[in-house]
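Enquirer: Have a peek at coords-v7.txt (compact mmCIF, C-alpha atoms).
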```
# COMPACT_ATOMS: atom_id res chain seq x y z
CA MET A 161 11.59 35.92 0.18
CA SER A 162 13.65 33.86 2.61
CA SER A 163 10.50 32.96 4.55
CA HIS A 164 8.87 31.58 1.38
CA ARG A 165 11.94 29.47 0.67
CA ASP A 166 11.96 28.17 4.26
CA ASP A 167 8.29 27.22 3.96
CA SER A 168 8.98 25.40 0.69
CA ILE A 169 11.84 23.49 2.28
CA ARG A 170 9.63 22.49 5.21
CA VAL A 171 6.95 21.21 2.83
CA VAL A 172 9.49 19.15 0.89
CA ILE A 173 10.95 17.72 4.11
CA ARG A 174 7.47 16.85 5.43
CA LEU A 175 6.57 15.17 2.12
CA ALA A 176 9.84 13.19 2.09
CA LYS A 177 9.19 12.09 5.68
CA GLN A 178 5.63 10.97 4.84
CA LEU A 179 6.79 9.05 1.76
CA THR A 180 9.58 7.35 3.72
CA LEU A 181 7.23 6.39 6.55
CA SER A 182 4.67 5.09 4.05
CA TRP A 183 7.36 3.00 2.35
CA ILE A 184 8.49 1.55 5.69
CA ALA A 185 4.89 0.84 6.71
CA ASN A 186 4.24 -0.90 3.37
CA ALA A 187 7.40 -2.99 3.87
CA VAL A 188 6.21 -3.99 7.34
CA VAL A 189 2.72 -4.82 6.06
CA LEU A 190 4.03 -6.90 3.17
CA GLY A 191 6.55 -8.55 5.53
CA ILE A 192 3.67 -9.56 7.80
CA VAL A 193 1.79 -10.97 4.80
CA VAL A 194 4.85 -13.01 3.78
CA ALA A 195 5.33 -14.25 7.36
CA VAL A 196 1.68 -15.25 7.83
CA LEU A 197 0.77 -16.72 4.44
CA GLN A 198 2.51 -19.64 2.81
CA GLY A 199 1.08 -18.54 -0.53
CA VAL A 200 3.00 -15.25 -0.53
CA THR A 201 6.78 -15.43 -0.85
CA VAL A 202 9.67 -13.06 -1.30
CA ASP A 203 13.12 -13.94 -2.62
CA SER A 204 15.08 -11.26 -0.75
CA ALA A 205 14.84 -8.19 1.45
CA GLY A 206 15.52 -6.10 -1.65
CA ALA A 207 12.53 -7.64 -3.41
CA LEU A 208 10.37 -6.89 -0.36
CA LEU A 209 11.50 -3.25 -0.31
CA THR A 210 10.94 -2.93 -4.05
CA ALA A 211 7.46 -4.45 -3.68
CA ALA A 212 6.70 -2.04 -0.83
CA LEU A 213 7.80 0.93 -2.93
CA LEU A 214 5.74 -0.12 -5.97
CA PHE A 215 2.74 -1.03 -3.81
CA GLY A 216 2.85 2.43 -2.26
CA ILE A 217 3.11 4.11 -5.67
CA LEU A 218 0.20 2.08 -7.03
CA ASN A 219 -1.92 2.88 -3.97
CA THR A 220 -1.08 6.58 -4.20
CA ILE A 221 -1.56 7.09 -7.94
CA LEU A 222 -3.60 4.30 -9.54
CA LYS A 223 -5.93 3.24 -6.74
CA PRO A 224 -7.69 6.63 -6.30
CA ILE A 225 -8.31 6.78 -10.05
CA LEU A 226 -9.77 3.26 -10.08
CA ARG A 227 -11.90 4.02 -7.02
CA LEU A 228 -13.33 7.04 -8.78
CA LEU A 229 -14.03 5.05 -11.94
CA THR A 230 -15.71 2.26 -9.96
CA LEU A 231 -17.79 4.59 -7.79
CA PRO A 232 -21.08 3.67 -9.50
CA LEU A 233 -20.32 -0.03 -8.95
CA ALA A 234 -19.46 0.71 -5.33
CA PHE A 235 -23.03 1.86 -4.74
CA ILE A 236 -24.44 -1.28 -6.32
CA THR A 237 -22.02 -3.66 -4.54
CA LEU A 238 -22.02 -1.72 -1.25
CA GLY A 239 -18.30 -1.05 -1.64
CA LEU A 240 -17.28 -4.63 -2.34
CA ILE A 241 -15.79 -3.60 -5.69
CA TRP A 242 -13.15 -1.62 -3.80
CA PHE A 243 -11.90 -4.85 -2.27
CA GLY A 244 -11.32 -5.95 -5.86
CA VAL A 245 -9.42 -2.73 -6.52
CA ALA A 246 -7.24 -3.40 -3.46
CA MET A 247 -6.64 -6.95 -4.72
CA LEU A 248 -5.64 -5.52 -8.10
CA MET A 249 -2.96 -3.35 -6.44
CA LEU A 250 -1.42 -6.42 -4.80
CA TRP A 251 -1.70 -8.47 -7.99
CA LEU A 252 0.03 -5.73 -10.00
CA THR A 253 2.78 -5.63 -7.39
CA ASP A 254 3.21 -9.39 -7.80
CA LEU A 255 3.20 -9.05 -11.58
CA LEU A 256 5.72 -6.20 -11.74
CA VAL A 257 8.21 -7.09 -8.99
CA SER A 258 10.36 -10.12 -9.62
CA GLY A 259 11.08 -11.78 -6.33
CA PHE A 260 7.66 -11.00 -4.82
CA HIS A 261 5.16 -13.77 -5.50
CA ILE A 262 1.52 -14.37 -4.67
CA HIS A 263 0.66 -17.97 -5.44
CA GLY A 264 -3.02 -18.29 -6.31
CA PHE A 265 -6.27 -16.43 -5.93
CA ARG A 266 -6.89 -17.57 -2.35
CA ALA A 267 -3.51 -16.22 -1.25
CA LEU A 268 -4.32 -12.93 -3.00
CA VAL A 269 -7.65 -12.65 -1.15
CA TYR A 270 -6.09 -13.43 2.23
CA ALA A 271 -3.15 -11.10 1.56
CA THR A 272 -5.58 -8.27 0.77
CA ILE A 273 -7.49 -8.91 3.99
CA ILE A 274 -4.26 -8.89 6.02
CA VAL A 275 -3.06 -5.66 4.37
CA TRP A 276 -6.41 -4.06 5.16
CA ALA A 277 -6.38 -5.29 8.80
CA VAL A 278 -2.82 -4.12 9.46
CA ASN A 279 -3.58 -0.73 7.90
CA VAL A 280 -6.64 -0.34 10.14
CA VAL A 281 -4.42 -0.99 13.15
CA LEU A 282 -1.79 1.47 11.89
CA ASP A 283 -4.47 4.12 11.40
CA PHE A 284 -5.56 3.85 15.04
CA VAL A 285 -2.18 3.40 16.74
CA PRO A 286 -0.54 6.75 17.51
CA GLY A 287 2.72 7.27 15.67
CA PRO A 288 4.46 9.19 12.92
CA TRP A 289 2.92 6.99 10.20
CA ARG A 290 -0.60 8.33 10.82
CA GLY A 291 -1.89 10.06 7.74
CA THR A 292 0.71 8.42 5.45
CA ARG A 293 -1.23 5.25 4.60
CA ARG A 294 -2.77 4.76 1.18
CA ASP A 295 -4.18 1.24 1.50
```
Written as structure tokens, that's how I'd like the structure from this file.

Expert:
Amino acid sequence: MSSHRDDSIRVVIRLAKQLTLSWIANAVVLGIVVAVLQGVTVDSAGALLTAALLFGILNTILKPILRLLTLPLAFITLGLIWFGVAMLMLWLTDLLVSGFHIHGFRALVYATIIVWAVNVVLDFVPGPWRGTRRD
């Protein structure tokens, strides 16, 4: 019985570590977007961290559902629809987090491209964040 409890504790610790690393990675990615694009602004570090948390939640829960629902369109558009889904995740983050702002459609498109590019790099660079990304 003690072994089962130890295994459960290890699973919870591993999950907490993955969620924390994902949150930090999202904060770094969104920080890069804010630094690179004039059309994306943040009012405070707290707003950036809140945006990173919500962005991670949206990507973990809502994005897979939307990708499944848009699967038929993905075949027709050769996956381009999923770029729209990724844009929607950023737009919802902008909409729901006061202090995190994406000014205009062009900024949203470029921000989505930057998030994708940084996540590709994070997926290939060895480190503890591997396997935690839900871009």

Enquirer: Neighbours of segment 253-263 of chain A within 10 Å (all atoms listed in the file; same-chain residues fewer than 2 positions away dropped), as a VMD selection string?

Expert: chain A and resid 190 194 197 to 218 247 to 251 265 to 269 271

Enquirer: Between A:Asn219, A:Asp283, A:Trp242, A:Ile274, which is the closest to Ala195 of chain A once you count only C-alpha atoms?

Expert: A:Ile274

Enquirer: Could you check how far atom CA of Arg170 of chain A sits from atom CA of Ser182 of chain A, in Å to one decimal?

Expert: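 These atoms are spaced 18.1 Å apart.
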
Enquirer: Report, in Å with one decimal, the straight-line distance from atom CA of Val196 of chain A to atom CA of Val285 of chain A.

Expert: 21.0 Å

Enquirer: With distances taken over all atoms listed in the file, which of A:Ile184, A:Ala176, A:Gly191, A:Val245 is nearest to Leu231 of chain A?

Expert: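 Distance minimum relative to Leu231 of chain A lands on A:Val245.
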
Enquirer: What is the atom CA of Ala246 of chain A-atom CA of Tyr270 of chain A distance in Å, reported with one decimal?

Expert: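 Between atom CA of Ala246 of chain A and atom CA of Tyr270 of chain A the gap works out to 11.6 Å.
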
Enquirer: Give me the residues within 8 Å of Val189 of chain A as a PyMOL selection string, counting all atoms listed in the file and dropping any in the same chain fewer than 2 places off.

Expert: chain A and resi 185-187+191-193+275+278-279

Enquirer: With only C-alpha atoms as the atoms that count, which of A:Leu252, A:Ser168, A:Thr180, A:Thr237 lies nearest to Leu222 of chain A?

Expert: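 Closest residue, counting only C-alpha atoms: A:Leu252.
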